[in-house]
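Enquirer: Before we start, here is the structure in question, set down as structure tokens.
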Amino acid sequence: MSDNDLFSSGAAPFSRRHFLWNSGGGLGGIALAWLLQRDTAAADAGALSSARRPHFPAKAKRVVQIFCAGGVSHIDAFDYKPELERMHGKSLEGKGENLGFFGQSGKIMKSVYDFKQRGQSGAWVSSLLPHIAGCADDICFIKSMFAKSNNHTPAAFQMNSGFTLNGFPSMGAWLSYGLGTDNENLPAFVVLPDPRSLPAGGSINWTSGFLPANHQGVAFQTKGGDPIPDLRTPAGTLPDARATDMELLAAMNSDFAGAHFGDSAFAARLRSYELAARMQVSIPEATNLDAEPESIKKLYGIGEPANKGFARNCLMARRLLERGVRFVQIMNGGTFSGSPRINWDGHENVKENHDAQAATMDKPVAALIADLKQRGMLEDTLFIWSTEFGRSPATQGVGSPGRDHHPTAFTCFLAGAGVKKGISYGASDEIGYFVGENKVTIPDFHATILHLLGLDHEKLTFYHNGINRRLTDVHGQVIKEILT
């Protein structure tokens, strides 16, 4: 059979109408062309699926990433610096040029929170995050992170895609491309935006870039209502009329696919429609938080106004992970317009800002770690907590209680599969301004994440515009010291 014979006419074991009726009279009809192509040409596996075997045995099967938009202050959360107390109110000297976004000279300011050593590990965590502090013995803090940009949007792009410019595939898209999905009824890569709004750069943070379009993150609607808009057949549409429409679309798609065999963009679109048809059943079940016991809802803080709906996203993430979603990205913090800010961008008053944001994030994130652990899922789930940069040890302007952006030293953390528990790696200098030891670039961070999933960051490539592109560009070293 030739490529163009894949959709040739002939006796079928069922009629189009019968197929569409059994598909629920919905989006399944649109996927007919791709279904037939997949089933008839199953031998051509390379053309039909991007799923690959890991390069070596993986420690992690799945990933959940918390991304805190706006820049969490490392010196007010995880990076205890007694020297800031001694130098409080003094001028910042001997550190070179002002690295803040606004460049306003200020005075050194001690942490606005009390620090304590937590758990058996003795990790320093401030009073800003009492719930996450309770998880310290399960966490590997990386206190020597370094980013390229002091501007939110390019810095967020780098944390999420490896590049400060837009248009490059996000980390979740690379994992979808490299490993595929464990559940054909759900997306490999799901994004749960902050219910209040999207972060800087919006959907570019979860784009597939130049990878096939089916690796794009599927962003759920988290403000209420259906998680995926337009997934259900409209209530006023009669089944016969819907089936007729789907027949026409399936025939058109079949003709186009036959005439343009090998068109990856069209194939990706059909894969998306096929997935959408299956999600008509899988999504309502996976996102039904009412099925959870009250004790679990209480653990996450479901219904508590302070978390602004973020708790629902964390619980939904756990349900998606246990149903085979490869990568779930949870956004905490939204747009940079308006006042008060709805992200971690504490320019005006870092304590007021961080108090409000921590109320949304702390309890649900700690609950997700604890819930994964009690279900035995933390053993093969990689938990990532990240932000685009930290905040300056000096105030943003004299007499100001705010802190500016700070990319040259900040903290992220990992937990779960293949990661040492209860340790801190790397260090910033005496006031948290520069990296003091064991500098970790974002390519290093990404290389380590891929390694835990059984992927060699130098071998996971995609040929684009004459270059074998990588998530880590031409950089990156696995942080072997934090691995079990």
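Letters A, B, ... mark the chains of the structure tokens in the order given; residue numbers begin at 1 per chain; ligand numbers begin at 1, in order shown.
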Quick one: everything within 8 Å of Lys107 of chain A, counting only C-alpha atoms, minus sequence neighbours fewer than 4 positions away in the same chain. Send it as a list in words.

Expert: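 Near neighbours after the sequence-gap exclusion: His88, Gly89, Lys90, Ser91, Leu92, Ala394, Thr395, Gly397, Val398 and Gly399 of chain A.
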
Enquirer: Dump as a tab-separated table the rows for residues of segment 119-191 of chain A within 6 Å of segment 421-428 of chain A: closest atom pair and distance in Å with one decimal, only C-alpha atoms counted, ordered by chain and rising residue number.

Expert:
residue	atom	partner	partner_atom	distance
A:Ser121	CA	A:Gly422	CA	5.2
A:Ala136	CA	A:Gly422	CA	5.9
A:Asp137	CA	A:Gly422	CA	4.1
A:Asp138	CA	A:Lys421	CA	4.7
A:Ile139	CA	A:Gly422	CA	5.1
A:Cys140	CA	A:Ile423	CA	5.0
A:Phe141	CA	A:Ser424	CA	4.6
A:Ile142	CA	A:Tyr425	CA	4.9
A:Lys143	CA	A:Ala427	CA	5.1
A:Ser144	CA	A:Gly426	CA	4.9

Enquirer: Could you save those same residues with N, CA and C atoms as a PDB file, in the first residue's frame?

Expert:
ATOM      1  N   SER A 121      17.216  17.837  59.369  1.00  0.00           N
ATOM      2  CA  SER A 121      18.271  18.335  58.487  1.00  0.00           C
ATOM      3  C   SER A 121      18.831  19.674  58.940  1.00  0.00           C
ATOM      4  N   ALA A 136      11.058  20.305  55.093  1.00  0.00           N
ATOM      5  CA  ALA A 136      12.477  20.554  54.836  1.00  0.00           C
ATOM      6  C   ALA A 136      13.295  19.276  54.710  1.00  0.00           C
ATOM      7  N   ASP A 137      12.936  18.235  55.445  1.00  0.00           N
ATOM      8  CA  ASP A 137      13.725  17.005  55.407  1.00  0.00           C
ATOM      9  C   ASP A 137      13.539  16.217  54.111  1.00  0.00           C
ATOM     10  N   ASP A 138      12.578  16.608  53.306  1.00  0.00           N
ATOM     11  CA  ASP A 138      12.367  15.961  52.004  1.00  0.00           C
ATOM     12  C   ASP A 138      12.917  16.783  50.844  1.00  0.00           C
ATOM     13  N   ILE A 139      13.475  17.949  51.139  1.00  0.00           N
ATOM     14  CA  ILE A 139      13.812  18.922  50.095  1.00  0.00           C
ATOM     15  C   ILE A 139      15.326  19.044  49.901  1.00  0.00           C
ATOM     16  N   CYS A 140      15.722  19.269  48.651  1.00  0.00           N
ATOM     17  CA  CYS A 140      17.092  19.641  48.316  1.00  0.00           C
ATOM     18  C   CYS A 140      17.068  21.094  47.850  1.00  0.00           C
ATOM     19  N   PHE A 141      17.576  21.988  48.696  1.00  0.00           N
ATOM     20  CA  PHE A 141      17.618  23.413  48.357  1.00  0.00           C
ATOM     21  C   PHE A 141      18.868  23.705  47.526  1.00  0.00           C
ATOM     22  N   ILE A 142      18.699  24.391  46.427  1.00  0.00           N
ATOM     23  CA  ILE A 142      19.827  24.825  45.596  1.00  0.00           C
ATOM     24  C   ILE A 142      19.944  26.332  45.767  1.00  0.00           C
ATOM     25  N   LYS A 143      20.956  26.760  46.517  1.00  0.00           N
ATOM     26  CA  LYS A 143      21.066  28.165  46.930  1.00  0.00           C
ATOM     27  C   LYS A 143      22.073  28.966  46.108  1.00  0.00           C
ATOM     28  N   SER A 144      22.445  28.423  44.960  1.00  0.00           N
ATOM     29  CA  SER A 144      23.454  29.096  44.133  1.00  0.00           C
ATOM     30  C   SER A 144      22.990  29.214  42.690  1.00  0.00           C
TER      31      SER A 144
END

Enquirer: So, counting only C-alpha atoms, which residue among A:Lys148, A:Arg341, A:Arg278, A:Arg196 is closest to Leu231 of chain A?

Expert: A:Arg278

Enquirer: Using only C-alpha atoms, I'd like a table of the residues in segment 187-213 of chain A that come within 12 Å of segment 61-84 of chain A; for each, show the closest atom pair and its distance in Å rounded to one decimal, ordered by chain and ascending number, as JSON lines.

Expert:
{"residue": "A:Ala188", "atom": "CA", "partner": "A:Arg62", "partner_atom": "CA", "distance": 9.7}
{"residue": "A:Phe189", "atom": "CA", "partner": "A:Val63", "partner_atom": "CA", "distance": 9.6}
{"residue": "A:Val190", "atom": "CA", "partner": "A:Val64", "partner_atom": "CA", "distance": 9.7}
{"residue": "A:Val191", "atom": "CA", "partner": "A:Gln65", "partner_atom": "CA", "distance": 9.5}
{"residue": "A:Leu192", "atom": "CA", "partner": "A:Ile66", "partner_atom": "CA", "distance": 9.7}
{"residue": "A:Pro193", "atom": "CA", "partner": "A:Phe67", "partner_atom": "CA", "distance": 9.7}
{"residue": "A:Asp194", "atom": "CA", "partner": "A:Ala69", "partner_atom": "CA", "distance": 9.7}
{"residue": "A:Ser197", "atom": "CA", "partner": "A:Ala69", "partner_atom": "CA", "distance": 11.1}
{"residue": "A:Leu198", "atom": "CA", "partner": "A:Ala69", "partner_atom": "CA", "distance": 9.6}
{"residue": "A:Pro199", "atom": "CA", "partner": "A:Ala69", "partner_atom": "CA", "distance": 6.4}
{"residue": "A:Ala200", "atom": "CA", "partner": "A:Ala69", "partner_atom": "CA", "distance": 7.7}
{"residue": "A:Gly201", "atom": "CA", "partner": "A:Ala69", "partner_atom": "CA", "distance": 10.6}
{"residue": "A:Gly202", "atom": "CA", "partner": "A:Ala69", "partner_atom": "CA", "distance": 11.1}
{"residue": "A:Asn205", "atom": "CA", "partner": "A:Phe67", "partner_atom": "CA", "distance": 10.3}
{"residue": "A:Trp206", "atom": "CA", "partner": "A:Phe67", "partner_atom": "CA", "distance": 11.6}

Enquirer: Ranking A:Arg269, A:Leu299, A:Gly324, A:Glu388 by minimum distance to Pro154 of chain A and counting only C-alpha atoms, which one comes first?

Expert: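 Under the stated criterion, the closest residue is A:Glu388.
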